[in-house]
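A.B. asks: Sharing work.txt (compact mmCIF, C-alpha atoms) below.
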```
# COMPACT_ATOMS: atom_id res chain seq x y z
CA MET A 16 -125.50 -14.01 0.97
CA PRO A 17 -124.34 -14.22 -2.68
CA GLN A 18 -125.65 -11.73 -5.24
CA TYR A 19 -127.39 -14.47 -7.23
CA PHE A 20 -130.12 -14.70 -4.59
CA ASP A 21 -131.06 -11.05 -5.24
CA GLU A 22 -133.96 -10.17 -7.47
CA GLN A 23 -131.83 -7.40 -9.01
CA PRO A 24 -128.08 -8.14 -8.73
CA GLU A 25 -126.05 -4.96 -8.32
CA VAL A 26 -122.77 -6.37 -9.61
CA ASN A 27 -121.81 -5.29 -13.14
CA SER A 28 -122.62 -7.67 -15.96
CA ASP A 29 -119.78 -9.70 -17.54
CA ARG A 30 -121.17 -12.28 -19.93
CA GLN A 31 -118.97 -15.24 -20.81
CA VAL A 32 -119.72 -18.17 -23.11
CA VAL A 33 -119.42 -21.71 -21.76
CA ASP A 34 -119.41 -24.96 -23.75
CA VAL A 35 -121.43 -27.84 -22.31
CA ALA A 36 -120.78 -31.33 -23.71
CA LEU A 37 -122.82 -34.26 -22.38
CA SER A 38 -123.03 -37.82 -23.71
CA ASP A 39 -126.17 -37.11 -25.73
CA VAL A 40 -126.35 -33.34 -26.21
CA ALA A 41 -123.97 -30.40 -26.49
CA PHE A 42 -124.61 -26.65 -26.46
CA THR A 43 -123.05 -23.30 -25.69
CA MET A 44 -124.50 -20.84 -23.21
CA PHE A 45 -123.96 -17.42 -21.72
CA THR A 46 -123.07 -17.05 -18.05
CA ASP A 47 -122.90 -13.77 -16.15
CA ARG A 48 -121.82 -12.19 -12.91
CA GLY A 49 -124.63 -11.99 -10.35
CA VAL A 50 -125.91 -15.39 -11.53
CA PHE A 51 -124.81 -18.71 -10.04
CA SER A 52 -121.77 -20.37 -11.66
CA HIS A 53 -120.29 -17.49 -13.66
CA GLY A 54 -117.82 -18.60 -16.31
CA HIS A 55 -118.25 -22.36 -15.92
CA LEU A 56 -120.72 -25.20 -15.43
CA ASP A 57 -120.63 -25.95 -11.71
CA THR A 58 -119.78 -29.42 -10.43
CA GLY A 59 -123.21 -30.15 -8.95
CA THR A 60 -125.18 -29.24 -12.06
CA ALA A 61 -122.70 -31.16 -14.23
CA LEU A 62 -123.23 -34.26 -12.08
CA LEU A 63 -127.01 -33.92 -12.31
CA LEU A 64 -126.96 -33.53 -16.09
CA ARG A 65 -124.64 -36.53 -16.56
CA GLU A 66 -126.26 -38.96 -14.12
CA VAL A 67 -129.95 -38.05 -14.08
CA PRO A 68 -132.54 -40.48 -15.52
CA ALA A 69 -134.27 -39.36 -18.70
CA PRO A 70 -136.90 -36.67 -18.16
CA SER A 71 -140.53 -37.15 -19.07
CA PRO A 72 -140.86 -36.92 -22.88
CA GLY A 73 -143.92 -34.69 -22.64
CA GLY A 74 -145.97 -32.54 -20.31
CA HIS A 75 -144.54 -29.74 -18.20
CA LEU A 76 -140.96 -29.89 -16.92
CA LEU A 77 -139.42 -27.52 -14.35
CA ASP A 78 -135.92 -26.13 -13.85
CA LEU A 79 -136.27 -24.74 -10.33
CA GLY A 80 -133.77 -21.95 -9.67
CA CYS A 81 -132.68 -21.88 -13.30
CA GLY A 82 -129.64 -19.59 -13.00
CA SER A 83 -128.10 -19.38 -16.46
CA GLY A 84 -130.36 -22.14 -17.77
CA ALA A 85 -128.08 -25.17 -18.26
CA ILE A 86 -130.72 -27.49 -16.80
CA ALA A 87 -133.59 -25.91 -18.77
CA VAL A 88 -131.66 -26.14 -22.05
CA THR A 89 -130.78 -29.79 -21.38
CA LEU A 90 -134.40 -30.62 -20.51
CA ALA A 91 -135.60 -28.98 -23.73
CA LEU A 92 -133.01 -30.80 -25.86
CA ARG A 93 -133.77 -34.18 -24.27
CA SER A 94 -137.57 -33.74 -24.31
CA PRO A 95 -138.44 -31.70 -27.42
CA GLY A 96 -142.12 -32.63 -27.02
CA ALA A 97 -142.39 -31.06 -23.55
CA THR A 98 -142.82 -27.53 -22.25
CA VAL A 99 -139.95 -26.49 -19.98
CA TRP A 100 -140.53 -23.90 -17.28
CA ALA A 101 -137.40 -22.09 -16.05
CA VAL A 102 -138.06 -20.34 -12.74
CA ASP A 103 -135.79 -17.99 -10.82
CA ILE A 104 -136.22 -15.02 -8.50
CA ASN A 105 -133.16 -13.35 -10.07
CA GLU A 106 -134.13 -11.17 -13.05
CA ARG A 107 -130.66 -11.35 -14.59
CA ALA A 108 -130.81 -15.15 -14.38
CA ARG A 109 -134.14 -15.13 -16.22
CA GLN A 110 -132.74 -12.83 -18.93
CA LEU A 111 -129.73 -15.12 -19.28
CA THR A 112 -131.83 -18.28 -19.54
CA ALA A 113 -134.05 -16.64 -22.15
CA ALA A 114 -130.95 -15.65 -24.13
CA ASN A 115 -129.62 -19.20 -23.90
CA ALA A 116 -132.94 -20.64 -25.07
CA GLU A 117 -132.81 -18.32 -28.07
CA ARG A 118 -129.12 -19.07 -28.66
CA ASN A 119 -129.95 -22.77 -28.93
CA SER A 120 -133.19 -22.29 -30.92
CA LEU A 121 -135.38 -23.72 -28.15
CA ALA A 122 -138.86 -22.20 -28.39
CA ASP A 123 -140.50 -24.36 -25.70
CA ILE A 124 -138.67 -22.88 -22.71
CA ARG A 125 -140.85 -20.49 -20.70
CA VAL A 126 -138.71 -18.30 -18.46
CA VAL A 127 -140.71 -16.80 -15.60
CA ALA A 128 -140.60 -15.46 -12.07
CA PRO A 129 -141.98 -17.88 -9.45
CA ASP A 130 -145.36 -16.15 -9.18
CA GLU A 131 -145.88 -16.31 -12.96
CA VAL A 132 -146.35 -20.08 -13.07
CA PRO A 133 -150.06 -20.97 -13.27
CA ASP A 134 -151.29 -22.34 -9.95
CA ASP A 135 -152.91 -25.43 -11.48
CA LEU A 136 -149.82 -26.55 -13.39
CA ARG A 137 -148.37 -29.96 -12.47
CA PHE A 138 -144.88 -31.09 -13.45
CA SER A 139 -143.85 -34.48 -14.82
CA THR A 140 -140.18 -33.73 -14.07
CA ILE A 141 -138.45 -31.24 -11.78
CA TRP A 142 -134.66 -30.89 -11.91
CA SER A 143 -132.89 -28.55 -9.53
CA ASN A 144 -129.58 -27.58 -8.00
CA PRO A 145 -131.45 -25.89 -5.14
CA PRO A 146 -130.08 -22.80 -3.38
CA ILE A 147 -128.90 -24.49 -0.19
CA ARG A 148 -127.17 -21.33 1.05
CA ILE A 149 -130.45 -19.43 1.52
CA GLY A 150 -130.74 -21.35 4.81
CA LYS A 151 -132.64 -24.41 5.92
CA ALA A 152 -135.95 -22.70 6.70
CA ALA A 153 -136.07 -20.84 3.36
CA LEU A 154 -134.97 -23.97 1.47
CA HIS A 155 -137.69 -26.07 3.11
CA GLN A 156 -140.27 -23.41 2.25
CA LEU A 157 -139.08 -23.35 -1.37
CA LEU A 158 -139.24 -27.12 -1.73
CA MET A 159 -142.67 -27.32 -0.11
CA GLN A 160 -143.89 -24.70 -2.58
CA TRP A 161 -142.83 -26.72 -5.63
CA LEU A 162 -142.50 -30.44 -4.84
CA PRO A 163 -146.25 -30.83 -4.09
CA ARG A 164 -146.79 -29.72 -7.70
CA LEU A 165 -145.32 -32.95 -9.05
CA ALA A 166 -147.75 -34.96 -11.15
CA ASP A 167 -148.86 -38.23 -9.55
CA ASP A 168 -146.27 -40.18 -11.55
CA GLY A 169 -143.73 -37.35 -11.63
CA GLU A 170 -140.34 -37.15 -9.99
CA ALA A 171 -137.86 -34.49 -8.95
CA ILE A 172 -134.09 -34.81 -9.07
CA LEU A 173 -132.11 -32.61 -6.68
CA VAL A 174 -128.33 -32.29 -6.47
CA VAL A 175 -127.05 -31.28 -3.02
CA GLN A 176 -123.56 -31.05 -1.57
CA LYS A 177 -122.95 -33.74 1.02
CA HIS A 178 -121.36 -31.36 3.54
CA LEU A 179 -124.20 -28.84 3.12
CA GLY A 180 -126.84 -31.22 4.44
CA ALA A 181 -127.79 -33.63 1.65
CA ASP A 182 -128.45 -36.50 4.04
CA SER A 183 -130.49 -34.43 6.50
CA LEU A 184 -132.48 -33.01 3.58
CA GLN A 185 -133.24 -36.55 2.39
CA ARG A 186 -134.48 -37.48 5.86
CA TRP A 187 -136.58 -34.31 6.06
CA LEU A 188 -138.20 -34.95 2.66
CA ASN A 189 -139.10 -38.49 3.68
CA ALA A 190 -140.59 -37.11 6.90
CA GLN A 191 -142.78 -34.78 4.81
CA GLY A 192 -144.35 -37.78 3.06
CA PHE A 193 -142.22 -37.78 -0.08
CA GLU A 194 -140.34 -40.84 -1.20
CA CYS A 195 -136.73 -39.67 -1.41
CA GLU A 196 -133.84 -41.94 -2.36
CA ARG A 197 -130.18 -41.36 -3.17
CA LEU A 198 -129.37 -42.09 -6.81
CA CYS A 199 -125.63 -41.57 -6.54
CA SER A 200 -122.88 -39.88 -4.55
CA ARG A 201 -119.89 -38.38 -6.34
CA SER A 202 -117.52 -35.41 -6.13
CA GLY A 203 -118.93 -34.42 -2.74
CA PHE A 204 -122.53 -34.29 -4.01
CA ARG A 205 -125.61 -36.45 -3.58
CA LEU A 206 -128.19 -36.89 -6.31
CA LEU A 207 -131.63 -37.32 -4.72
CA ARG A 208 -134.76 -38.61 -6.47
CA VAL A 209 -138.04 -37.39 -4.97
CA SER A 210 -141.39 -38.94 -5.85
CA ALA A 211 -144.76 -37.32 -5.26
CA ALA A 212 -146.11 -37.56 -1.72
CA THR A 213 -148.55 -40.41 -1.23
```
How would this structure read if it were set down as structure tokens?
C.D. replies:
Amino acid sequence: MPQYFDEQPEVNSDRQVVDVALSDVAFTMFTDRGVFSHGHLDTGTALLLREVPAPSPGGHLLDLGCGSGAIAVTLALRSPGATVWAVDINERARQLTAANAERNSLADIRVVAPDEVPDDLRFSTIWSNPPIRIGKAALHQLLMQWLPRLADDGEAILVVQKHLGADSLQRWLNAQGFECERLCSRSGFRLLRVSAAT
């Protein structure tokens, strides 16, 4: 299993700066070894950030599995009136996201470990490139920990590789009572929109 699923990656640090240019926002960010997508913005996250509907303008927003923080930074830039929570089990990822929030002068990003998010918090928007490679059982457990925390009118956007089970994940989410639809399919990825369970 890749190092970026570890709480404490053992691989030596090697920070590199990446430029991210989207249609509405642009920023630079650090990436690092031991954190997903070292040295570049990965294809799945890039697709999500380019094709995703606008996030909620206020309330609490979540970058689930924040990695180096590209999603959290984009959420904060697009919704300056919201509080963005960036959650990751990987301590180096959290340090990197915090550094990228500071680098881009974004004070409303709260970078925390999963158990540091208040239990009663509900999210208007969740964006995630979820860690598919942790295995189906662990992925299902992760999603069932966080998706029920959507606000009643909230929605989650997930980007998943087609050949790593995007379609079966969509069927599974629908079977759990969520409304899950495919927003787009491009570059071998599906973009899934998940609405709160009814």
A.B. asks: Work out how far apart atom CA of A:Ala171 and atom CA of A:Arg186 are and give it in Å to one decimal.
C.D. replies: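 Computing the Euclidean distance for atom CA of A:Ala171 and atom CA of A:Arg186 yields 15.5 Å.
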A.B. asks: A:Thr46, A:Ser71, A:Gln160, A:Asn144: which is nearest A:Thr112, counting all atoms listed in the file?
C.D. replies: A:Thr46
A.B. asks: Which residues are near A:Leu198? Cut-off 7 Å, all atoms listed in the file, ignore same chain within fewer than 5 positions. Put them as a ChimeraX atom specification.
C.D. replies: /A:206-208
A.B. asks: Between atom CA of A:Ser183 and atom CA of A:Ala85, what is the distance in Å, rounded to a tenth?
C.D. replies: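 Value for the atom CA of A:Ser183-atom CA of A:Ala85 distance: 26.5 Å.
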A.B. asks: Hey, which of A:Ser202, A:Gln191, A:Thr140, A:Asn115 ends up closest to A:Phe42? Count only C-alpha atoms.
C.D. replies: A:Asn115
A.B. asks: Taking all atoms listed in the file into account, which of A:Ala128, A:Ala108, A:Val175, A:Asn189 comes nearest A:Phe204?
C.D. replies: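 Of A:Ala128, A:Ala108, A:Val175, A:Asn189, the one nearest A:Phe204 is A:Val175, counting all atoms listed in the file.
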A.B. asks: With a distance cut-off of 10 Å and all atoms listed in the file, select the neighbouring residues of A:Gly84, excluding the residue or stretch itself and same-chain residues fewer than 6 positions from it, and output the selection as a list in words.
C.D. replies: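 Counting all atoms listed in the file, the residues come to Met44, Phe45, Thr46, Asp78, Leu90, Ala101, Val102, Asp103, Ala108, Arg109, Gln110, Leu111, Thr112, Ala113, Ala114, Asn115, Ala116, Ile124 and Val126 of chain A.
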A.B. asks: In Å, how far is it from atom CA of A:Pro146 to atom CA of A:Val174?
C.D. replies: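 If I compute the distance from atom CA of A:Pro146 to atom CA of A:Val174, I get 10.1 Å.
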A.B. asks: Around (-122.7, -12.2, -22.2) in the file's own coordinates, what residues are found within 7 Å if you use all atoms listed in the file, given back as a list in words?
C.D. replies: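 Those within range, by chain then number, are Asp29, Arg30, Gln31, Val32, Phe45, Thr46 and Asp47 of chain A.
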A.B. asks: Quick one: residues within 9 Å of stretch 26-28 of chain A, only C-alpha atoms counted, chain neighbours fewer than 4 positions away excluded, as a list in words?
C.D. replies: Gln18, Asp47, Arg48, Gly49 and Arg107 of chain A
A.B. asks: With all atoms listed in the file as the basis for distance, which of A:Gln156, A:Gln176, A:Asn105, A:Ser38 is at the shortest distance from A:Glu66?
C.D. replies: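 Closest to A:Glu66 of all the choices is A:Ser38.
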A.B. asks: List every protein, DNA or RNA residue with an atom no more than 12 Å from (-140.4, -27.0, -2.7) in the file's coordinates, counting only C-alpha atoms, and format the result as number ranges by chain.
C.D. replies: A: 77, 79-80, 129, 141-143, 145-146, 151-165, 171-173, 184, 188, 191, 193, 209, 211
A.B. asks: Of the candidates A:Asp39, A:Glu170, A:Asp57, A:Glu196, which shows the shortest atom-to-atom distance to A:Asp182, using only C-alpha atoms?
C.D. replies: A:Glu196
A.B. asks: For A:Leu64, which residue among A:Glu117, A:Asp135, A:Ala166, A:Val40 is the nearest when counting all atoms listed in the file?
C.D. replies: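 Checking each of A:Glu117, A:Asp135, A:Ala166, A:Val40 against A:Leu64, counting all atoms listed in the file, the winner is A:Val40.
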A.B. asks: Stretch 106-138 of chain A from the block above, N, CA and C atoms, as a CSV table (one decimal), in the first residue's frame, please?
C.D. replies:
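Wrote it out as result_18.csv, contents follow:
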```
chain,number,residue,atom,x,y,z
A,106,GLU,N,-0.1,12.7,8.6
A,106,GLU,CA,0.4,13.9,9.3
A,106,GLU,C,1.2,14.8,8.3
A,107,ARG,N,2.0,14.2,7.5
A,107,ARG,CA,2.7,15.0,6.5
A,107,ARG,C,1.7,15.8,5.5
A,108,ALA,N,0.7,15.1,5.2
A,108,ALA,CA,-0.4,15.7,4.3
A,108,ALA,C,-1.0,16.9,5.0
A,109,ARG,N,-1.3,16.7,6.3
A,109,ARG,CA,-1.9,17.8,7.1
A,109,ARG,C,-0.9,19.0,7.2
A,110,GLN,N,0.4,18.7,7.4
A,110,GLN,CA,1.4,19.8,7.5
A,110,GLN,C,1.5,20.5,6.1
A,111,LEU,N,1.4,19.8,5.1
A,111,LEU,CA,1.5,20.3,3.7
A,111,LEU,C,0.3,21.2,3.4
A,112,THR,N,-0.9,20.7,3.7
A,112,THR,CA,-2.1,21.5,3.5
A,112,THR,C,-2.1,22.8,4.3
A,113,ALA,N,-1.7,22.7,5.6
A,113,ALA,CA,-1.6,23.9,6.4
A,113,ALA,C,-0.6,24.9,5.8
A,114,ALA,N,0.5,24.4,5.3
A,114,ALA,CA,1.5,25.3,4.6
A,114,ALA,C,0.9,25.9,3.4
A,115,ASN,N,0.1,25.2,2.6
A,115,ASN,CA,-0.5,25.7,1.4
A,115,ASN,C,-1.6,26.7,1.7
A,116,ALA,N,-2.3,26.5,2.8
A,116,ALA,CA,-3.3,27.5,3.2
A,116,ALA,C,-2.5,28.8,3.6
A,117,GLU,N,-1.5,28.7,4.3
A,117,GLU,CA,-0.7,29.9,4.7
A,117,GLU,C,-0.1,30.5,3.4
A,118,ARG,N,0.5,29.7,2.5
A,118,ARG,CA,1.1,30.2,1.3
A,118,ARG,C,0.1,31.1,0.5
A,119,ASN,N,-1.2,30.7,0.5
A,119,ASN,CA,-2.2,31.4,-0.2
A,119,ASN,C,-3.1,32.3,0.6
A,120,SER,N,-2.6,32.6,1.8
A,120,SER,CA,-3.3,33.6,2.7
A,120,SER,C,-4.7,33.2,3.0
A,121,LEU,N,-5.0,31.9,3.2
A,121,LEU,CA,-6.3,31.4,3.5
A,121,LEU,C,-6.5,31.0,4.9
A,122,ALA,N,-7.1,31.9,5.7
A,122,ALA,CA,-7.2,31.7,7.2
A,122,ALA,C,-8.3,30.8,7.6
A,123,ASP,N,-9.3,30.5,6.6
A,123,ASP,CA,-10.5,29.7,7.0
A,123,ASP,C,-10.4,28.3,6.6
A,124,ILE,N,-9.1,27.8,6.5
A,124,ILE,CA,-9.0,26.3,6.3
A,124,ILE,C,-8.5,25.7,7.6
A,125,ARG,N,-9.3,24.8,8.1
A,125,ARG,CA,-8.9,24.1,9.4
A,125,ARG,C,-8.4,22.7,9.0
A,126,VAL,N,-7.1,22.5,9.3
A,126,VAL,CA,-6.5,21.2,8.9
A,126,VAL,C,-6.4,20.3,10.1
A,127,VAL,N,-7.1,19.1,10.1
A,127,VAL,CA,-7.2,18.3,11.2
A,127,VAL,C,-7.1,16.8,10.9
A,128,ALA,N,-6.9,16.0,11.9
A,128,ALA,CA,-7.0,14.6,11.8
A,128,ALA,C,-8.5,14.2,11.8
A,129,PRO,N,-8.9,13.0,11.3
A,129,PRO,CA,-10.3,12.7,11.3
A,129,PRO,C,-11.0,12.8,12.6
A,130,ASP,N,-10.4,12.4,13.7
A,130,ASP,CA,-11.1,12.4,15.0
A,130,ASP,C,-11.1,13.8,15.7
A,131,GLU,N,-10.6,14.8,15.0
A,131,GLU,CA,-10.6,16.2,15.5
A,131,GLU,C,-11.7,17.0,15.0
A,132,VAL,N,-12.5,16.5,14.1
A,132,VAL,CA,-13.7,17.2,13.6
A,132,VAL,C,-14.9,17.0,14.6
A,133,PRO,N,-15.5,18.1,15.1
A,133,PRO,CA,-16.6,18.0,16.0
A,133,PRO,C,-17.7,17.0,15.5
A,134,ASP,N,-18.2,16.2,16.4
A,134,ASP,CA,-19.2,15.2,16.0
A,134,ASP,C,-20.4,15.8,15.5
A,135,ASP,N,-20.8,17.0,15.9
A,135,ASP,CA,-22.1,17.5,15.5
A,135,ASP,C,-22.0,18.4,14.3
A,136,LEU,N,-20.9,18.5,13.7
A,136,LEU,CA,-20.7,19.3,12.5
A,136,LEU,C,-21.3,18.7,11.3
A,137,ARG,N,-22.0,19.5,10.5
A,137,ARG,CA,-22.6,19.0,9.2
A,137,ARG,C,-22.1,19.8,8.1
A,138,PHE,N,-21.9,19.2,6.9
A,138,PHE,CA,-21.2,19.8,5.8
A,138,PHE,C,-22.1,20.1,4.7
```
